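Dropping query_8.txt in here (compact mmCIF, C-alpha atoms):
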```
# COMPACT_ATOMS: atom_id res chain seq x y z
CA LEU A 22 121.81 -96.40 50.74
CA PHE A 23 120.16 -94.42 47.96
CA PRO A 24 117.83 -92.36 50.21
CA PHE A 25 120.69 -91.53 52.57
CA PHE A 26 122.90 -90.44 49.69
CA VAL A 27 120.18 -88.21 48.23
CA ILE A 28 119.33 -86.65 51.61
CA THR A 29 123.00 -86.05 52.33
CA GLU A 30 123.52 -84.42 48.95
CA LEU A 31 120.47 -82.21 49.37
CA LEU A 32 121.55 -81.12 52.85
CA SER A 33 125.01 -80.26 51.54
CA TYR A 34 123.39 -77.66 49.24
CA THR A 35 121.73 -75.94 52.18
CA ASN A 36 123.26 -74.03 55.08
CA PHE A 37 122.60 -77.06 57.29
CA ILE A 38 126.29 -78.06 57.46
CA TYR A 39 127.23 -74.52 58.48
CA TYR A 40 124.68 -74.50 61.32
CA VAL A 41 125.70 -77.99 62.44
CA GLY A 42 129.27 -76.69 62.51
CA LYS A 43 128.34 -73.75 64.72
CA VAL A 44 126.46 -75.98 67.16
CA PHE A 45 129.00 -78.82 67.34
CA ASP A 46 132.30 -76.92 67.09
CA LYS A 47 132.66 -76.81 70.88
CA ILE A 48 132.35 -80.61 70.98
CA MET A 49 134.21 -81.68 67.83
CA ARG A 50 137.33 -79.52 68.35
CA PRO A 51 138.32 -80.74 71.81
CA LEU A 52 137.09 -84.31 71.33
CA PHE A 53 138.29 -85.11 67.79
CA ASN A 54 140.36 -82.03 66.78
CA VAL A 55 138.25 -81.40 63.67
CA PRO A 56 135.95 -78.50 62.70
CA GLY A 57 132.34 -78.53 63.86
CA GLU A 58 131.16 -79.03 60.27
CA CYS A 59 132.59 -82.53 60.49
CA ALA A 60 129.84 -83.43 62.98
CA PHE A 61 127.58 -83.79 59.93
CA ALA A 62 129.79 -86.63 58.62
CA PHE A 63 129.93 -88.23 62.06
CA ILE A 64 126.16 -88.11 62.66
CA MET A 65 125.24 -89.28 59.16
CA GLY A 66 127.84 -92.04 59.39
CA LEU A 67 126.25 -93.27 62.62
CA ILE A 68 122.72 -93.10 61.21
CA SER A 69 123.28 -94.57 57.76
CA GLY A 70 126.57 -96.48 57.95
CA TYR A 71 129.26 -96.87 55.37
CA PRO A 72 130.05 -95.54 52.86
CA THR A 73 127.96 -92.44 53.68
CA GLY A 74 130.38 -91.11 56.32
CA GLY A 75 133.32 -91.49 53.96
CA LYS A 76 131.46 -89.83 51.11
CA ILE A 77 130.58 -86.85 53.30
CA VAL A 78 134.19 -86.54 54.47
CA ALA A 79 135.29 -86.47 50.81
CA SER A 80 132.71 -83.75 50.10
CA LEU A 81 133.88 -81.67 53.07
CA ARG A 82 137.44 -82.01 51.81
CA GLU A 83 136.45 -80.96 48.27
CA GLN A 84 134.58 -77.93 49.62
CA GLY A 85 137.61 -76.91 51.66
CA LEU A 86 135.85 -77.28 55.01
CA CYS A 87 138.59 -79.52 56.42
CA THR A 88 142.26 -80.17 55.77
CA LYS A 89 143.64 -83.41 54.35
CA ASP A 90 144.84 -84.53 57.79
CA GLU A 91 141.46 -83.76 59.36
CA GLY A 92 139.75 -85.73 56.60
CA ASP A 93 142.11 -88.67 57.12
CA ARG A 94 141.39 -88.68 60.85
CA MET A 95 137.65 -88.39 60.27
CA LEU A 96 137.63 -91.42 58.00
CA ALA A 97 138.81 -93.50 60.95
CA PHE A 98 135.63 -92.86 62.96
CA THR A 99 132.90 -91.73 60.54
CA ASN A 100 132.95 -94.65 58.13
CA ASN A 101 131.23 -97.40 60.12
CA SER A 102 128.48 -100.00 60.03
CA GLY A 103 124.94 -98.69 60.10
CA PRO A 104 122.27 -99.62 62.60
CA LEU A 105 120.15 -101.41 59.99
CA PHE A 106 123.02 -103.76 59.17
CA ILE A 107 123.93 -104.46 62.79
CA LEU A 108 120.37 -104.80 64.07
CA GLY A 109 118.88 -106.47 61.01
CA THR A 110 121.55 -108.65 59.52
CA VAL A 111 123.92 -109.38 62.38
CA SER A 112 121.53 -109.59 65.33
CA MET A 113 118.40 -111.00 63.72
CA MET A 114 119.68 -113.10 60.83
CA PHE A 115 122.98 -114.37 62.23
CA LEU A 116 122.45 -114.34 66.01
CA ASN A 117 118.62 -114.40 66.18
CA ASN A 118 118.82 -112.13 69.24
CA LYS A 119 117.62 -108.51 69.18
CA GLU A 120 119.12 -107.57 72.58
CA THR A 121 122.58 -108.68 71.48
CA GLY A 122 122.22 -106.49 68.40
CA PHE A 123 121.66 -103.39 70.53
CA LEU A 124 124.71 -104.28 72.62
CA ILE A 125 126.82 -104.73 69.48
CA LEU A 126 125.54 -101.41 68.11
CA LEU A 127 126.38 -99.59 71.35
CA ILE A 128 129.86 -101.12 71.45
CA HIS A 129 130.37 -100.22 67.79
CA TYR A 130 129.46 -96.56 68.39
CA ILE A 131 131.58 -96.30 71.54
CA THR A 132 134.53 -97.85 69.71
CA ASN A 133 134.22 -95.29 66.89
CA ILE A 134 134.26 -92.45 69.42
CA ILE A 135 137.33 -93.94 71.14
CA ILE A 136 139.12 -94.25 67.78
CA GLY A 137 138.31 -90.60 67.01
CA VAL A 138 139.72 -89.52 70.36
CA ILE A 139 142.87 -91.62 69.93
CA PHE A 140 143.55 -90.16 66.46
CA ARG A 141 142.76 -86.54 67.38
CA ASN A 142 146.43 -85.63 67.70
CA PHE A 143 147.59 -87.63 64.70
CA ASN A 144 148.76 -84.99 62.24
CA LYS A 145 151.39 -85.69 59.59
CA THR A 146 151.95 -82.20 58.23
CA ASN A 147 150.80 -79.87 61.03
CA GLU A 148 148.50 -78.38 58.39
CA ARG A 149 146.05 -75.90 59.88
CA PHE A 150 143.43 -73.65 58.37
CA SER A 151 143.81 -69.98 58.95
CA LYS A 152 140.60 -68.11 59.77
CA VAL A 153 140.76 -66.50 56.31
CA ASP A 154 140.96 -69.88 54.52
CA PHE A 155 138.04 -71.26 56.50
CA ASN A 156 135.89 -68.17 55.90
CA LEU A 157 136.71 -68.43 52.17
CA ALA A 158 135.50 -72.07 52.19
CA ILE A 159 132.26 -71.02 53.92
CA ASN A 160 131.72 -68.26 51.32
CA ASN A 161 132.30 -70.76 48.50
CA MET A 162 129.72 -73.04 50.10
CA TYR A 163 127.19 -70.17 50.05
CA LYS A 164 127.91 -69.49 46.36
CA ARG A 165 127.39 -73.18 45.57
CA ASN A 166 123.98 -73.06 47.26
CA LYS A 167 122.55 -70.32 45.02
CA LYS A 168 121.24 -72.77 42.42
CA PRO A 169 117.56 -73.44 41.63
CA PHE A 170 116.02 -76.38 43.49
CA GLY A 171 115.51 -78.38 40.28
CA THR A 172 119.23 -78.18 39.50
CA ILE A 173 120.14 -79.10 43.08
CA LEU A 174 117.80 -82.11 43.02
CA LYS A 175 119.15 -83.27 39.66
CA GLU A 176 122.76 -83.00 40.87
CA ALA A 177 121.90 -84.79 44.14
CA LEU A 178 120.23 -87.66 42.28
CA LEU A 179 123.04 -87.97 39.72
CA ASN A 180 125.77 -87.89 42.39
CA SER A 181 123.92 -90.51 44.44
CA ILE A 182 123.42 -92.80 41.44
CA ASN A 183 127.07 -92.43 40.41
CA THR A 184 128.22 -93.31 43.91
CA LEU A 185 126.00 -96.38 44.03
CA LEU A 186 127.21 -97.50 40.59
CA LEU A 187 130.81 -97.10 41.76
CA ILE A 188 130.11 -99.23 44.84
CA LEU A 189 128.36 -101.84 42.71
CA GLY A 190 131.27 -101.89 40.28
CA ILE A 191 133.83 -102.35 43.03
CA VAL A 192 131.86 -105.12 44.72
CA THR A 193 131.26 -106.90 41.40
CA PHE A 194 134.94 -106.60 40.45
CA PHE A 195 136.14 -108.17 43.69
CA ILE A 196 133.48 -110.89 43.59
CA ILE A 197 134.69 -111.87 40.11
CA ILE A 198 138.34 -111.82 41.20
CA THR A 199 137.75 -113.92 44.31
CA THR A 200 135.64 -116.61 42.61
```

Before we go any further, please render this structure as structure tokens.
Amino acid sequence: LFPFFVITELLSYTNFIYYVGKVFDKIMRPLFNVPGECAFAFIMGLISGYPTGGKIVASLREQGLCTKDEGDRMLAFTNNSGPLFILGTVSMMFLNNKETGFLILLIHYITNIIIGVIFRNFNKTNERFSKVDFNLAINNMYKRNKKPFGTILKEALLNSINTLLLILGIVTFFIIITT
């Protein structure tokens, strides 16, 4: 998880999310009813698995690139099992069958897309961004990106380590409680 967290953090300091948003807006809006920038969370969630998708959704929410309702909907289909877990652990260690692992992975991805489509109209508050609010969030993202690379790398590493320590703490806590 650590390399994925660091890469995700570093990409969030670039204009990569903005460009992903421009490219994928025509797909993400009609399919999932979320901004194109949310494609970054979806793609990284598919590539690296949980909790990366959820962490990116939280970052998009903090940066103001999506509303609370959009973030809630995104969590339903971006926070999923990664290919390394499904192909390595489930298919090879548990089932000892590589072909079945690819089938499980394909079904898992299709199911996440179906869940995203089903929840696209789920909206508790009818909260919508105005064009001004969204442009303000994009401008704030540009201001955030004007830091020296050393500072960006340090923040990316610290955020990644803190996230991993939080995950470790939660897992350890529940292991102690259940035993």

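Each of A:Ala60, A:Ala97, A:Leu126, A:Ile107 was checked against Val41 in chain A using all atoms listed in the file; the smallest atom-to-atom distance is that of A:Ala60.
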
Quiz item: Using all atoms listed in the file, which residues sit within 10 Å of range 43-46 of chain A once same-chain residues fewer than 3 positions away are excluded, as number ranges by chain?
Solution: A: 37-40, 49-52, 54-61

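When only C-alpha atoms are used to measure the gap to Thr184 in chain A, the shortest distance among A:Met113, A:Leu105, A:Ile64, A:Ile77 belongs to A:Ile77.
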
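Atom pair CA of Thr29 in chain A / CA of Leu179 in chain A: separated by 12.8 Å.
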
Do you know which residues lie at most 12 Å from (120.6, -84.9, 53.8), with coordinates as in the file and all atoms listed in the file counted, and could you write them as a CSV table (one decimal) with C-alpha atoms, keeping the file's coordinate frame?
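Here's the written file out-v6.csv:
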```
chain,number,residue,atom,x,y,z
A,22,LEU,CA,121.8,-96.4,50.7
A,23,PHE,CA,120.2,-94.4,48.0
A,24,PRO,CA,117.8,-92.4,50.2
A,25,PHE,CA,120.7,-91.5,52.6
A,26,PHE,CA,122.9,-90.4,49.7
A,27,VAL,CA,120.2,-88.2,48.2
A,28,ILE,CA,119.3,-86.6,51.6
A,29,THR,CA,123.0,-86.0,52.3
A,30,GLU,CA,123.5,-84.4,49.0
A,31,LEU,CA,120.5,-82.2,49.4
A,32,LEU,CA,121.6,-81.1,52.8
A,33,SER,CA,125.0,-80.3,51.5
A,34,TYR,CA,123.4,-77.7,49.2
A,35,THR,CA,121.7,-75.9,52.2
A,36,ASN,CA,123.3,-74.0,55.1
A,37,PHE,CA,122.6,-77.1,57.3
A,38,ILE,CA,126.3,-78.1,57.5
A,61,PHE,CA,127.6,-83.8,59.9
A,62,ALA,CA,129.8,-86.6,58.6
A,64,ILE,CA,126.2,-88.1,62.7
A,65,MET,CA,125.2,-89.3,59.2
A,66,GLY,CA,127.8,-92.0,59.4
A,68,ILE,CA,122.7,-93.1,61.2
A,69,SER,CA,123.3,-94.6,57.8
A,73,THR,CA,128.0,-92.4,53.7
A,74,GLY,CA,130.4,-91.1,56.3
A,77,ILE,CA,130.6,-86.8,53.3
A,174,LEU,CA,117.8,-82.1,43.0
A,177,ALA,CA,121.9,-84.8,44.1
A,178,LEU,CA,120.2,-87.7,42.3
A,181,SER,CA,123.9,-90.5,44.4
```

Quiz prompt | Residue neighbourhood Ile136 in chain A, 12 Å, only C-alpha atoms, exclusion window fewer than 6 positions, as a ChimeraX atom specification | solution = /A:52-53,94-101,129-130,142-143
